[in-house]
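Heads up: the structure comes next, in structure tokens.
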Amino acid sequence: MRRWKPLQWFGAFIVVLTAAIWLAHGGHVFTKDRRMVVHREADPIFGTTRERVEWQPDFRLGLDIAGPLVAVGTGMWFLGWWRQRRRSIMSHTRG
């Protein structure tokens, strides 16, 4: 009966961890590997401001990766729950 418990815990761990990371990264739909950094430079002679855009590497987990991971974790949890429940019912009917 205890053989399926670790599968349930591992599946739940995957779901919670993936959802927490996804929310901490901003809850975006698509995974991003760079972020835009805008540098504003003031020209003291003419009084104008120039903007220079720079793309820096920065990983942000998106729902396109987090969604399937959550689905796999949920499936693992459900499989463990179902097998444990089935085994528990079978052991009670034999007795």
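Simple scheme: letters A, B, ... for chains in structure tokens order, numbers from 1 for residues in each chain, numbers from 1 for ligands in the order shown.
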Inset, instruction - Going by DSSP on the backbone, which bits of segment 4-84 of chain A are strand (DSSP E)? Write them as a ChimeraX atom specification, please. - result: /A:32-42,49-60
Any chance you can output those residues with N, CA and C atoms as an mmCIF file, in the first residue's frame?
```cif
data_model
loop_
_atom_site.group_PDB
_atom_site.id
_atom_site.type_symbol
_atom_site.label_atom_id
_atom_site.label_comp_id
_atom_site.auth_asym_id
_atom_site.auth_seq_id
_atom_site.Cartn_x
_atom_site.Cartn_y
_atom_site.Cartn_z
ATOM 1 N N LYS A 32 10.411 32.971 -22.001
ATOM 2 C CA LYS A 32 11.279 34.023 -22.525
ATOM 3 C C LYS A 32 12.715 33.729 -22.117
ATOM 4 N N ASP A 33 13.639 33.948 -23.051
ATOM 5 C CA ASP A 33 15.039 33.705 -22.737
ATOM 6 C C ASP A 33 15.862 34.985 -22.683
ATOM 7 N N ARG A 34 15.249 36.112 -22.958
ATOM 8 C CA ARG A 34 15.939 37.404 -22.886
ATOM 9 C C ARG A 34 14.969 38.460 -22.364
ATOM 10 N N ARG A 35 15.559 39.502 -21.792
ATOM 11 C CA ARG A 35 14.724 40.620 -21.363
ATOM 12 C C ARG A 35 15.286 41.914 -21.947
ATOM 13 N N MET A 36 14.395 42.852 -22.198
ATOM 14 C CA MET A 36 14.783 44.114 -22.803
ATOM 15 C C MET A 36 15.181 45.102 -21.708
ATOM 16 N N VAL A 37 16.370 45.680 -21.866
ATOM 17 C CA VAL A 37 16.847 46.707 -20.957
ATOM 18 C C VAL A 37 17.011 47.987 -21.772
ATOM 19 N N VAL A 38 16.342 49.045 -21.336
ATOM 20 C CA VAL A 38 16.391 50.320 -22.042
ATOM 21 C C VAL A 38 17.308 51.269 -21.274
ATOM 22 N N HIS A 39 18.320 51.769 -21.955
ATOM 23 C CA HIS A 39 19.247 52.742 -21.373
ATOM 24 C C HIS A 39 18.894 54.115 -21.938
ATOM 25 N N ARG A 40 18.636 55.059 -21.061
ATOM 26 C CA ARG A 40 18.334 56.433 -21.494
ATOM 27 C C ARG A 40 19.587 57.288 -21.281
ATOM 28 N N GLU A 41 19.997 57.949 -22.340
ATOM 29 C CA GLU A 41 21.181 58.793 -22.291
ATOM 30 C C GLU A 41 20.771 60.224 -22.641
ATOM 31 N N ALA A 42 21.075 61.137 -21.746
ATOM 32 C CA ALA A 42 20.750 62.540 -21.983
ATOM 33 C C ALA A 42 21.932 63.233 -22.657
ATOM 34 N N THR A 49 17.027 63.322 -25.226
ATOM 35 C CA THR A 49 17.246 62.033 -24.580
ATOM 36 C C THR A 49 17.204 60.938 -25.632
ATOM 37 N N ARG A 50 18.221 60.084 -25.610
ATOM 38 C CA ARG A 50 18.272 58.956 -26.535
ATOM 39 C C ARG A 50 18.022 57.685 -25.753
ATOM 40 N N GLU A 51 17.357 56.764 -26.397
ATOM 41 C CA GLU A 51 17.126 55.458 -25.784
ATOM 42 C C GLU A 51 17.897 54.405 -26.565
ATOM 43 N N ARG A 52 18.634 53.586 -25.808
ATOM 44 C CA ARG A 52 19.374 52.482 -26.414
ATOM 45 C C ARG A 52 18.824 51.192 -25.821
ATOM 46 N N VAL A 53 18.385 50.291 -26.677
ATOM 47 C CA VAL A 53 17.790 49.027 -26.244
ATOM 48 C C VAL A 53 18.852 47.940 -26.284
ATOM 49 N N GLU A 54 18.911 47.181 -25.189
ATOM 50 C CA GLU A 54 19.859 46.080 -25.093
ATOM 51 C C GLU A 54 19.098 44.849 -24.599
ATOM 52 N N TRP A 55 19.361 43.700 -25.223
ATOM 53 C CA TRP A 55 18.709 42.453 -24.823
ATOM 54 C C TRP A 55 19.699 41.618 -24.016
ATOM 55 N N GLN A 56 19.343 41.321 -22.765
ATOM 56 C CA GLN A 56 20.209 40.542 -21.892
ATOM 57 C C GLN A 56 19.598 39.163 -21.658
ATOM 58 N N PRO A 57 20.441 38.129 -21.560
ATOM 59 C CA PRO A 57 19.917 36.786 -21.288
ATOM 60 C C PRO A 57 19.233 36.730 -19.919
ATOM 61 N N ASP A 58 18.030 36.210 -19.891
ATOM 62 C CA ASP A 58 17.270 36.092 -18.651
ATOM 63 C C ASP A 58 16.142 35.088 -18.889
ATOM 64 N N PHE A 59 16.175 33.959 -18.191
ATOM 65 C CA PHE A 59 15.176 32.910 -18.395
ATOM 66 C C PHE A 59 13.933 33.199 -17.564
ATOM 67 N N ARG A 60 12.781 33.190 -18.207
ATOM 68 C CA ARG A 60 11.477 33.348 -17.552
ATOM 69 C C ARG A 60 10.581 32.200 -18.001
#
```
Inset, instruction - Skip Trp4 of chain A itself and residues of its chain fewer than 6 positions away, then list as a ChimeraX atom specification all residues within 7 Å of it, counting only C-alpha atoms. - result: /A:80,83-84
Output as CSV one row per residue of segment 54-95 of chain A within 12 Å of segment 6-22 of chain A: the closest atom pair and its distance in Å to one decimal place, counting only C-alpha atoms, sorted by chain and residue number ascending.
```
residue,atom,partner,partner_atom,distance
A:Phe59,CA,A:Trp22,CA,11.1
A:Arg60,CA,A:Trp22,CA,7.9
A:Leu61,CA,A:Trp22,CA,5.5
A:Gly62,CA,A:Trp22,CA,6.4
A:Leu63,CA,A:Trp22,CA,7.2
A:Asp64,CA,A:Trp22,CA,10.4
A:Ile65,CA,A:Trp22,CA,9.3
A:Ala66,CA,A:Thr18,CA,6.1
A:Gly67,CA,A:Thr18,CA,8.7
A:Pro68,CA,A:Thr18,CA,10.0
A:Leu69,CA,A:Thr18,CA,7.1
A:Val70,CA,A:Val15,CA,4.8
A:Ala71,CA,A:Val15,CA,7.9
A:Val72,CA,A:Gly11,CA,7.5
A:Gly73,CA,A:Gly11,CA,4.1
A:Thr74,CA,A:Gly11,CA,6.0
A:Gly75,CA,A:Gly11,CA,7.4
A:Met76,CA,A:Gly11,CA,5.0
A:Trp77,CA,A:Gln8,CA,4.1
A:Phe78,CA,A:Gln8,CA,7.1
A:Leu79,CA,A:Gln8,CA,7.6
A:Gly80,CA,A:Gln8,CA,5.0
A:Trp81,CA,A:Gln8,CA,6.4
A:Trp82,CA,A:Gln8,CA,9.7
A:Arg83,CA,A:Gln8,CA,10.1
A:Gln84,CA,A:Gln8,CA,9.4
A:Arg85,CA,A:Gln8,CA,11.7
```
Legend entry - Interatomic distance, atom CA of His92 of chain A to atom CA of Lys5 of chain A (Å, one decimal): 18.3 Å
Inset, instruction - Would you please give, as a ChimeraX atom specification, all residues of chain A that DSSP assigns to helix (DSSP H, G or I) based on the backbone? - result: /A:2-24,63-94
